[in-house]
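Coordinates from coords.pdb are shown below (PDB, C-alpha atoms and all ligand atoms).
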ATOM      1  CA  MET N   1      14.653 -34.279  -6.318  1.00  0.00           C
ATOM      2  CA  THR N   2      15.837 -31.825  -8.936  1.00  0.00           C
ATOM      3  CA  SER N   3      18.963 -29.815  -8.134  1.00  0.00           C
ATOM      4  CA  SER N   4      18.563 -26.030  -8.105  1.00  0.00           C
ATOM      5  CA  SER N   5      19.694 -24.027 -11.091  1.00  0.00           C
ATOM      6  CA  PRO N   6      22.580 -21.585 -10.541  1.00  0.00           C
ATOM      7  CA  PHE N   7      20.069 -18.787 -10.770  1.00  0.00           C
ATOM      8  CA  ALA N   8      17.830 -20.343  -8.121  1.00  0.00           C
ATOM      9  CA  SER N   9      20.903 -20.729  -5.889  1.00  0.00           C
ATOM     10  CA  TRP N  10      21.844 -17.115  -6.488  1.00  0.00           C
ATOM     11  CA  LEU N  11      18.334 -16.012  -5.590  1.00  0.00           C
ATOM     12  CA  ARG N  12      18.391 -18.086  -2.392  1.00  0.00           C
ATOM     13  CA  ALA N  13      21.741 -16.511  -1.426  1.00  0.00           C
ATOM     14  CA  GLN N  14      20.355 -12.979  -1.570  1.00  0.00           C
ATOM     15  CA  PRO N  15      20.042 -11.622   1.957  1.00  0.00           C
ATOM     16  CA  SER N  16      16.573 -10.640   3.155  1.00  0.00           C
ATOM     17  CA  LEU N  17      15.303  -8.758   6.191  1.00  0.00           C
ATOM     18  CA  THR N  18      18.621  -6.947   6.456  1.00  0.00           C
ATOM     19  CA  GLY N  19      17.099  -3.808   7.967  1.00  0.00           C
ATOM     20  CA  THR N  20      16.743  -2.751  11.575  1.00  0.00           C
ATOM     21  CA  PRO N  21      13.230  -2.689  13.001  1.00  0.00           C
ATOM     22  CA  PRO N  22      12.494   0.390  15.103  1.00  0.00           C
ATOM     23  CA  GLU N  23      11.074   0.215  18.628  1.00  0.00           C
ATOM     24  CA  LEU N  24       7.423  -0.792  18.463  1.00  0.00           C
ATOM     25  CA  ASP N  25       5.219  -0.186  21.491  1.00  0.00           C
ATOM     26  CA  LEU N  26       2.291  -2.570  21.061  1.00  0.00           C
ATOM     27  CA  ASP N  27       0.547  -0.944  24.037  1.00  0.00           C
ATOM     28  CA  ASP N  28       0.466   2.377  22.204  1.00  0.00           C
ATOM     29  CA  LEU N  29      -1.425   1.629  19.005  1.00  0.00           C
ATOM     30  CA  PRO N  30      -3.944   4.146  17.659  1.00  0.00           C
ATOM     31  CA  GLY N  31      -7.584   3.152  17.217  1.00  0.00           C
ATOM     32  CA  ASP N  32      -7.477   3.451  13.416  1.00  0.00           C
ATOM     33  CA  PRO N  33      -5.070   2.265  10.716  1.00  0.00           C
ATOM     34  CA  ALA N  34      -4.718   5.624   8.909  1.00  0.00           C
ATOM     35  CA  THR N  35      -3.059   7.100  12.008  1.00  0.00           C
ATOM     36  CA  LEU N  36      -0.657   4.156  12.352  1.00  0.00           C
ATOM     37  CA  PHE N  37       0.149   4.349   8.622  1.00  0.00           C
ATOM     38  CA  GLU N  38       1.098   8.014   9.001  1.00  0.00           C
ATOM     39  CA  ARG N  39       3.347   7.133  11.972  1.00  0.00           C
ATOM     40  CA  TRP N  40       5.031   4.314  10.057  1.00  0.00           C
ATOM     41  CA  ILE N  41       5.580   6.161   6.763  1.00  0.00           C
ATOM     42  CA  ARG N  42       7.015   9.159   8.634  1.00  0.00           C
ATOM     43  CA  ALA N  43       9.314   6.763  10.534  1.00  0.00           C
ATOM     44  CA  ALA N  44      10.374   5.219   7.211  1.00  0.00           C
ATOM     45  CA  ALA N  45      11.210   8.648   5.769  1.00  0.00           C
ATOM     46  CA  ALA N  46      13.072   9.637   8.949  1.00  0.00           C
ATOM     47  CA  ALA N  47      15.113   6.412   8.698  1.00  0.00           C
ATOM     48  CA  GLY N  48      16.141   7.332   5.151  1.00  0.00           C
ATOM     49  CA  VAL N  49      13.836   5.069   3.129  1.00  0.00           C
ATOM     50  CA  ALA N  50      13.741   6.566  -0.366  1.00  0.00           C
ATOM     51  CA  GLU N  51      10.296   7.329  -1.759  1.00  0.00           C
ATOM     52  CA  PRO N  52       8.363   5.712   1.108  1.00  0.00           C
ATOM     53  CA  HIS N  53       5.080   6.786  -0.515  1.00  0.00           C
ATOM     54  CA  GLY N  54       5.695   4.390  -3.427  1.00  0.00           C
ATOM     55  CA  GLY N  55       3.711   1.182  -3.227  1.00  0.00           C
ATOM     56  CA  THR N  56       2.085  -1.537  -5.322  1.00  0.00           C
ATOM     57  CA  LEU N  57      -1.547  -1.312  -6.383  1.00  0.00           C
ATOM     58  CA  ALA N  58      -3.203  -4.619  -7.301  1.00  0.00           C
ATOM     59  CA  THR N  59      -6.485  -4.766  -9.194  1.00  0.00           C
ATOM     60  CA  ALA N  60      -8.339  -7.456 -11.132  1.00  0.00           C
ATOM     61  CA  ASP N  61     -10.438  -7.449 -14.301  1.00  0.00           C
ATOM     62  CA  SER N  62     -13.957  -8.862 -14.567  1.00  0.00           C
ATOM     63  CA  SER N  63     -12.592 -12.369 -15.204  1.00  0.00           C
ATOM     64  CA  GLY N  64     -10.612 -12.206 -11.958  1.00  0.00           C
ATOM     65  CA  MET N  65      -7.223 -11.902 -13.710  1.00  0.00           C
ATOM     66  CA  PRO N  66      -4.993  -9.898 -11.330  1.00  0.00           C
ATOM     67  CA  ASP N  67      -2.682  -7.059 -12.281  1.00  0.00           C
ATOM     68  CA  ALA N  68      -0.335  -4.879 -10.230  1.00  0.00           C
ATOM     69  CA  ARG N  69       1.798  -1.804 -10.695  1.00  0.00           C
ATOM     70  CA  THR N  70       3.863   0.688  -8.727  1.00  0.00           C
ATOM     71  CA  LEU N  71       2.335   4.028  -7.822  1.00  0.00           C
ATOM     72  CA  ILE N  72       2.392   6.651  -5.143  1.00  0.00           C
ATOM     73  CA  VAL N  73      -0.152   7.167  -2.395  1.00  0.00           C
ATOM     74  CA  LYS N  74      -1.513  10.718  -2.548  1.00  0.00           C
ATOM     75  CA  ASP N  75      -3.301  10.975   0.799  1.00  0.00           C
ATOM     76  CA  VAL N  76      -4.348   8.758   3.700  1.00  0.00           C
ATOM     77  CA  SER N  77      -7.235   9.720   5.954  1.00  0.00           C
ATOM     78  CA  ALA N  78     -10.454   8.369   7.418  1.00  0.00           C
ATOM     79  CA  ARG N  79     -11.672   8.192   3.787  1.00  0.00           C
ATOM     80  CA  GLY N  80      -8.985   5.688   2.932  1.00  0.00           C
ATOM     81  CA  TRP N  81      -5.844   5.509   0.816  1.00  0.00           C
ATOM     82  CA  GLY N  82      -5.934   7.948  -2.126  1.00  0.00           C
ATOM     83  CA  PHE N  83      -4.183   7.311  -5.419  1.00  0.00           C
ATOM     84  CA  ALA N  84      -4.475   8.702  -8.935  1.00  0.00           C
ATOM     85  CA  GLY N  85      -3.808   7.866 -12.559  1.00  0.00           C
ATOM     86  CA  PRO N  86      -4.974   8.323 -16.129  1.00  0.00           C
ATOM     87  CA  ARG N  87      -8.579   7.505 -17.084  1.00  0.00           C
ATOM     88  CA  ASP N  88      -7.132   5.730 -20.122  1.00  0.00           C
ATOM     89  CA  SER N  89      -5.221   3.042 -18.234  1.00  0.00           C
ATOM     90  CA  ALA N  90      -5.501  -0.618 -17.354  1.00  0.00           C
ATOM     91  CA  LYS N  91      -6.092   0.209 -13.693  1.00  0.00           C
ATOM     92  CA  ALA N  92      -8.999   2.542 -14.553  1.00  0.00           C
ATOM     93  CA  ARG N  93     -10.633  -0.116 -16.744  1.00  0.00           C
ATOM     94  CA  GLN N  94     -10.093  -2.813 -14.108  1.00  0.00           C
ATOM     95  CA  LEU N  95     -11.500  -0.608 -11.325  1.00  0.00           C
ATOM     96  CA  ASP N  96     -14.596   0.080 -13.487  1.00  0.00           C
ATOM     97  CA  GLU N  97     -15.108  -3.662 -13.915  1.00  0.00           C
ATOM     98  CA  SER N  98     -14.179  -4.671 -10.395  1.00  0.00           C
ATOM     99  CA  PRO N  99     -14.102  -1.745  -7.917  1.00  0.00           C
ATOM    100  CA  ALA N 100     -11.781  -3.178  -5.285  1.00  0.00           C
ATOM    101  CA  ALA N 101      -8.020  -3.221  -4.836  1.00  0.00           C
ATOM    102  CA  ALA N 102      -5.074  -3.989  -2.591  1.00  0.00           C
ATOM    103  CA  MET N 103      -2.039  -1.803  -1.879  1.00  0.00           C
ATOM    104  CA  ASN N 104       1.295  -2.889  -0.455  1.00  0.00           C
ATOM    105  CA  PHE N 105       4.182  -0.862   0.894  1.00  0.00           C
ATOM    106  CA  TRP N 106       7.619  -2.306   1.811  1.00  0.00           C
ATOM    107  CA  TRP N 107      10.252  -0.288   3.633  1.00  0.00           C
ATOM    108  CA  PRO N 108      13.332  -2.587   3.707  1.00  0.00           C
ATOM    109  CA  SER N 109      15.710  -0.635   5.948  1.00  0.00           C
ATOM    110  CA  ILE N 110      13.174  -0.703   8.798  1.00  0.00           C
ATOM    111  CA  THR N 111      11.783  -4.178   7.888  1.00  0.00           C
ATOM    112  CA  ARG N 112       8.229  -2.894   7.849  1.00  0.00           C
ATOM    113  CA  ALA N 113       5.453  -3.570   5.355  1.00  0.00           C
ATOM    114  CA  VAL N 114       1.832  -2.481   5.125  1.00  0.00           C
ATOM    115  CA  ARG N 115      -0.960  -4.252   3.275  1.00  0.00           C
ATOM    116  CA  VAL N 116      -4.322  -2.612   2.568  1.00  0.00           C
ATOM    117  CA  ARG N 117      -7.423  -4.115   0.864  1.00  0.00           C
ATOM    118  CA  GLY N 118     -10.954  -3.044   0.225  1.00  0.00           C
ATOM    119  CA  PRO N 119     -13.464  -1.447  -2.136  1.00  0.00           C
ATOM    120  CA  VAL N 120     -12.452   1.504  -4.310  1.00  0.00           C
ATOM    121  CA  GLN N 121     -14.499   4.601  -5.182  1.00  0.00           C
ATOM    122  CA  GLU N 122     -13.740   7.257  -7.737  1.00  0.00           C
ATOM    123  CA  ALA N 123     -13.424  10.723  -6.171  1.00  0.00           C
ATOM    124  CA  SER N 124     -15.518  13.675  -7.377  1.00  0.00           C
ATOM    125  CA  ASP N 125     -14.563  15.414 -10.632  1.00  0.00           C
ATOM    126  CA  GLU N 126     -13.426  18.395  -8.533  1.00  0.00           C
ATOM    127  CA  GLU N 127     -11.068  16.241  -6.446  1.00  0.00           C
ATOM    128  CA  SER N 128      -9.627  14.585  -9.546  1.00  0.00           C
ATOM    129  CA  ALA N 129      -9.106  18.004 -11.169  1.00  0.00           C
ATOM    130  CA  ALA N 130      -7.434  19.269  -7.965  1.00  0.00           C
ATOM    131  CA  ASP N 131      -5.123  16.227  -7.937  1.00  0.00           C
ATOM    132  CA  LEU N 132      -4.139  16.923 -11.544  1.00  0.00           C
ATOM    133  CA  ALA N 133      -3.596  20.617 -10.797  1.00  0.00           C
ATOM    134  CA  GLU N 134      -1.174  19.726  -7.982  1.00  0.00           C
ATOM    135  CA  ARG N 135       1.072  17.739 -10.312  1.00  0.00           C
ATOM    136  CA  SER N 136       4.156  19.325 -11.838  1.00  0.00           C
ATOM    137  CA  ALA N 137       3.810  20.970 -15.235  1.00  0.00           C
ATOM    138  CA  ALA N 138       5.764  18.110 -16.795  1.00  0.00           C
ATOM    139  CA  ALA N 139       3.487  15.508 -15.190  1.00  0.00           C
ATOM    140  CA  ARG N 140       0.358  17.413 -16.327  1.00  0.00           C
ATOM    141  CA  ALA N 141       1.555  17.709 -19.910  1.00  0.00           C
ATOM    142  CA  GLY N 142      -1.033  16.493 -22.388  1.00  0.00           C
ATOM    143  CA  LEU N 143      -3.609  15.659 -19.692  1.00  0.00           C
ATOM    144  CA  ARG N 144      -6.866  17.595 -19.494  1.00  0.00           C
ATOM    145  CA  PRO N 145      -9.337  17.517 -16.600  1.00  0.00           C
ATOM    146  CA  GLY N 146     -11.445  14.389 -17.034  1.00  0.00           C
ATOM    147  CA  GLU N 147      -8.454  12.400 -18.269  1.00  0.00           C
ATOM    148  CA  TRP N 148      -6.974  12.054 -14.770  1.00  0.00           C
ATOM    149  CA  VAL N 149      -8.724  10.301 -11.881  1.00  0.00           C
ATOM    150  CA  ARG N 150      -8.353  10.258  -8.095  1.00  0.00           C
ATOM    151  CA  TRP N 151      -9.606   7.133  -6.359  1.00  0.00           C
ATOM    152  CA  TRP N 152     -10.060   6.199  -2.698  1.00  0.00           C
ATOM    153  CA  LEU N 153      -9.417   2.687  -1.435  1.00  0.00           C
ATOM    154  CA  ALA N 154     -11.538   2.412   1.752  1.00  0.00           C
ATOM    155  CA  PRO N 155      -9.973  -0.590   3.469  1.00  0.00           C
ATOM    156  CA  GLU N 156     -11.812  -3.442   5.112  1.00  0.00           C
ATOM    157  CA  GLN N 157      -8.491  -4.658   6.473  1.00  0.00           C
ATOM    158  CA  VAL N 158      -5.012  -3.194   6.981  1.00  0.00           C
ATOM    159  CA  GLU N 159      -2.061  -5.304   8.082  1.00  0.00           C
ATOM    160  CA  PHE N 160       1.087  -3.750   9.563  1.00  0.00           C
ATOM    161  CA  TRP N 161       3.992  -6.200   9.525  1.00  0.00           C
ATOM    162  CA  GLN N 162       7.319  -5.764  11.251  1.00  0.00           C
ATOM    163  CA  GLY N 163      10.079  -8.295  10.688  1.00  0.00           C
ATOM    164  CA  ALA N 164      12.204  -9.479  13.605  1.00  0.00           C
ATOM    165  CA  THR N 165      15.699 -10.961  13.537  1.00  0.00           C
ATOM    166  CA  ASP N 166      14.488 -13.913  15.671  1.00  0.00           C
ATOM    167  CA  ARG N 167      11.667 -14.417  13.122  1.00  0.00           C
ATOM    168  CA  ARG N 168       9.027 -13.525  15.708  1.00  0.00           C
ATOM    169  CA  HIS N 169       7.539 -11.172  13.154  1.00  0.00           C
ATOM    170  CA  VAL N 170       4.792  -8.904  14.432  1.00  0.00           C
ATOM    171  CA  ARG N 171       1.496  -8.482  12.589  1.00  0.00           C
ATOM    172  CA  ILE N 172      -1.005  -5.850  13.605  1.00  0.00           C
ATOM    173  CA  VAL N 173      -4.274  -6.365  11.733  1.00  0.00           C
ATOM    174  CA  TYR N 174      -7.026  -3.761  11.768  1.00  0.00           C
ATOM    175  CA  ALA N 175     -10.415  -4.987  10.499  1.00  0.00           C
ATOM    176  CA  ARG N 176     -13.399  -2.725   9.928  1.00  0.00           C
ATOM    177  CA  GLU N 177     -16.333  -3.475  12.181  1.00  0.00           C
ATOM    178  CA  GLY N 178     -19.031  -0.995  11.185  1.00  0.00           C
ATOM    179  CA  GLU N 179     -17.871   2.440  12.304  1.00  0.00           C
ATOM    180  CA  ARG N 180     -15.052   1.011  14.422  1.00  0.00           C
ATOM    181  CA  TRP N 181     -11.861  -0.998  13.913  1.00  0.00           C
ATOM    182  CA  SER N 182     -10.866  -4.181  15.659  1.00  0.00           C
ATOM    183  CA  CYS N 183      -7.143  -4.703  16.092  1.00  0.00           C
ATOM    184  CA  THR N 184      -5.489  -8.114  16.408  1.00  0.00           C
ATOM    185  CA  ILE N 185      -1.801  -8.477  17.272  1.00  0.00           C
ATOM    186  CA  ARG N 186       0.256 -11.571  16.506  1.00  0.00           C
ATOM    187  CA  GLU N 187       3.885 -12.178  17.419  1.00  0.00           C
ATOM    188  CA  GLY N 188       5.368 -15.203  15.691  1.00  0.00           C
ATOM    189  CA  GLU N 189       2.603 -17.819  15.720  1.00  0.00           C
ATOM    190  CA  GLN N 190       1.063 -16.463  18.922  1.00  0.00           C
ATOM    191  CA  GLU N 191      -1.967 -14.221  19.070  1.00  0.00           C
ATOM    192  CA  ARG N 192      -1.079 -11.571  21.603  1.00  0.00           C
ATOM    193  CA  GLY N 193      -4.471  -9.960  21.887  1.00  0.00           C
ATOM    194  CA  LYS N 194      -7.471  -8.425  20.211  1.00  0.00           C
ATOM    195  CA  ARG N 195      -9.222  -5.201  20.954  1.00  0.00           C
TER
HETATM  196  C1  LIG N 201       7.829   5.125  -8.419  1.00  0.00           C
HETATM  197  C2  LIG N 201       6.671   5.075  -9.380  1.00  0.00           C
HETATM  198  C3  LIG N 201       5.561   5.863  -9.125  1.00  0.00           C
HETATM  199  C4  LIG N 201       4.467   5.829  -9.997  1.00  0.00           C
HETATM  200  N1  LIG N 201       3.347   6.567  -9.687  1.00  0.00           N
HETATM  201  C5  LIG N 201       2.257   6.473 -10.465  1.00  0.00           C
HETATM  202  C6  LIG N 201       1.033   7.127 -10.096  1.00  0.00           C
HETATM  203  O1  LIG N 201       0.929   7.797  -9.048  1.00  0.00           O
HETATM  204  N2  LIG N 201      -0.032   6.978 -10.925  1.00  0.00           N
HETATM  205  C7  LIG N 201       0.028   6.248 -12.069  1.00  0.00           C
HETATM  206  O2  LIG N 201      -0.982   6.148 -12.771  1.00  0.00           O
HETATM  207  N3  LIG N 201       1.160   5.594 -12.442  1.00  0.00           N
HETATM  208  C8  LIG N 201       2.266   5.688 -11.666  1.00  0.00           C
HETATM  209  N4  LIG N 201       3.413   5.003 -12.017  1.00  0.00           N
HETATM  210  C9  LIG N 201       3.413   4.226 -13.275  1.00  0.00           C
HETATM  211  C10 LIG N 201       2.707   2.874 -13.040  1.00  0.00           C
HETATM  212  O3  LIG N 201       3.563   1.986 -12.333  1.00  0.00           O
HETATM  213  C11 LIG N 201       2.215   2.202 -14.311  1.00  0.00           C
HETATM  214  O4  LIG N 201       3.256   2.001 -15.178  1.00  0.00           O
HETATM  215  C12 LIG N 201       1.142   3.007 -14.994  1.00  0.00           C
HETATM  216  O5  LIG N 201       0.284   3.582 -14.050  1.00  0.00           O
HETATM  217  C13 LIG N 201       0.304   2.141 -15.911  1.00  0.00           C
HETATM  218  O6  LIG N 201      -0.382   1.186 -15.120  1.00  0.00           O
HETATM  219  P1  LIG N 201      -1.692   0.455 -15.644  1.00  0.00           P
HETATM  220  O7  LIG N 201      -1.526   0.312 -17.129  1.00  0.00           O
HETATM  221  O8  LIG N 201      -1.695  -0.853 -14.947  1.00  0.00           O
HETATM  222  O9  LIG N 201      -2.858   1.317 -15.271  1.00  0.00           O
HETATM  223  C14 LIG N 201       4.511   5.019 -11.152  1.00  0.00           C
HETATM  224  C15 LIG N 201       5.644   4.220 -11.400  1.00  0.00           C
HETATM  225  C16 LIG N 201       6.697   4.256 -10.528  1.00  0.00           C
HETATM  226  C17 LIG N 201       7.885   3.354 -10.799  1.00  0.00           C
END
Target format structure tokens, applied to this file:
Amino acid sequence: MTSSSPFASWLRAQPSLTGTPPELDLDDLPGDPATLFERWIRAAAAAGVAEPHGGTLATADSSGMPDARTLIVKDVSARGWGFAGPRDSAKARQLDESPAAAMNFWWPSITRAVRVRGPVQEASDEESAADLAERSAAARAGLRPGEWVRWWLAPEQVEFWQGATDRRHVRIVYAREGERWSCTIREGEQERGKR
């Protein structure tokens, strides 16, 4: 066996799951993931999480090579998770080649994370122009309509994860079933129920 490097030891010594999970009533879950996401991100903001709307967007090119970057979620509704960026960007090229993505959010002080995956559609030109118009003057600088795009990630699956100090982490997984959502709850290794 090789001994760990000092850096590996340092990494291992970093504390994780140091936050405090809020009360979670598993008997009071909404029927759709967008509603639960709104509850959780508002709870994160109320608990003092800075920039809770910042997440990671992962895409892949036509060869399957993954890529990921930080961005902000612009809206969440029955249409999906909305995000935006320049037409002239790696993410725009990758989404043209392979129109699907995953988004992750991690809110450390409340030990909650959300994971979203599914196909992505470009919004209408009007919606993209409206998104650009809502940005600050500094953020709009140099960008004309057509050079900025709004996309919608319409998830097939959304996982809500809450860490627990006894490691009985809770996972709530919504999966699209036609017009409806199934919801499976796991606590630790145990499946607690599906509906
Ligand atoms: C907190 C934060 C928020 C960001 N928000 C956005 C965003 O909403 N849209 C965007 O295109 N880039 C945003 N960025 C920049 C991206 O992380 C990335 O550098 C840029 O989009 C280029 O990515 P790409 O070349 O993979 O397309 C943000 C970066 C940070 C750190």
For ligand LIG 201 (chain N), which residue among N:Gly31, N:Gly85, N:Gly48, N:Pro108 is the nearest when counting all atoms listed in the file?
N:Gly85
12 Å shell around ligand LIG 201 (chain N) using all atoms listed in the file, listed as a PyMOL selection string
chain N and resi 50-61+66-75+82-96+105+131-132+135+139-140+147-151
Write out as a PyMOL selection string the residues lying within 12 Å of Glu177 in chain N, counting all atoms listed in the file and excluding same-chain residues fewer than 5 positions away.
chain N and resi 32+155-157+182-183+195
Based on the selection just made, write C-alpha atoms of those residues as a compact mmCIF listing (two decimals), in the coordinates of the input.
# COMPACT_ATOMS: atom_id res chain seq x y z
CA ASP N 32 -7.48 3.45 13.42
CA PRO N 155 -9.97 -0.59 3.47
CA GLU N 156 -11.81 -3.44 5.11
CA GLN N 157 -8.49 -4.66 6.47
CA SER N 182 -10.87 -4.18 15.66
CA CYS N 183 -7.14 -4.70 16.09
CA ARG N 195 -9.22 -5.20 20.95
Using the chain letters and numbering of this document, enumerate as a ChimeraX atom specification the residues selected by the PyMOL selection byres (((chain N and resi 20-25) around 12) and not hetatm).
/N:16-19,26-30,36,39-40,43-44,46-49,107-113,160-172,185,187
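CA of Arg117 in chain N lies 27.6 Å from CA of Ala133 in chain N.
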Compare N:Gly64, N:Gly193, N:Gly142, N:Gly80 by their minimum atom-to-atom distance to Arg176 in chain N, counting all atoms listed in the file, and give me the closest one.
N:Gly80
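In this structure, CA of Arg186 in chain N sits 8.4 Å away from CA of Val173 in chain N.
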Using all atoms listed in the file: which of N:Ala34, N:Leu143, N:Ala101, N:Ala130 has the shortest distance to Tyr174 in chain N
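So, comparing all the options, the nearest one is N:Ala34.
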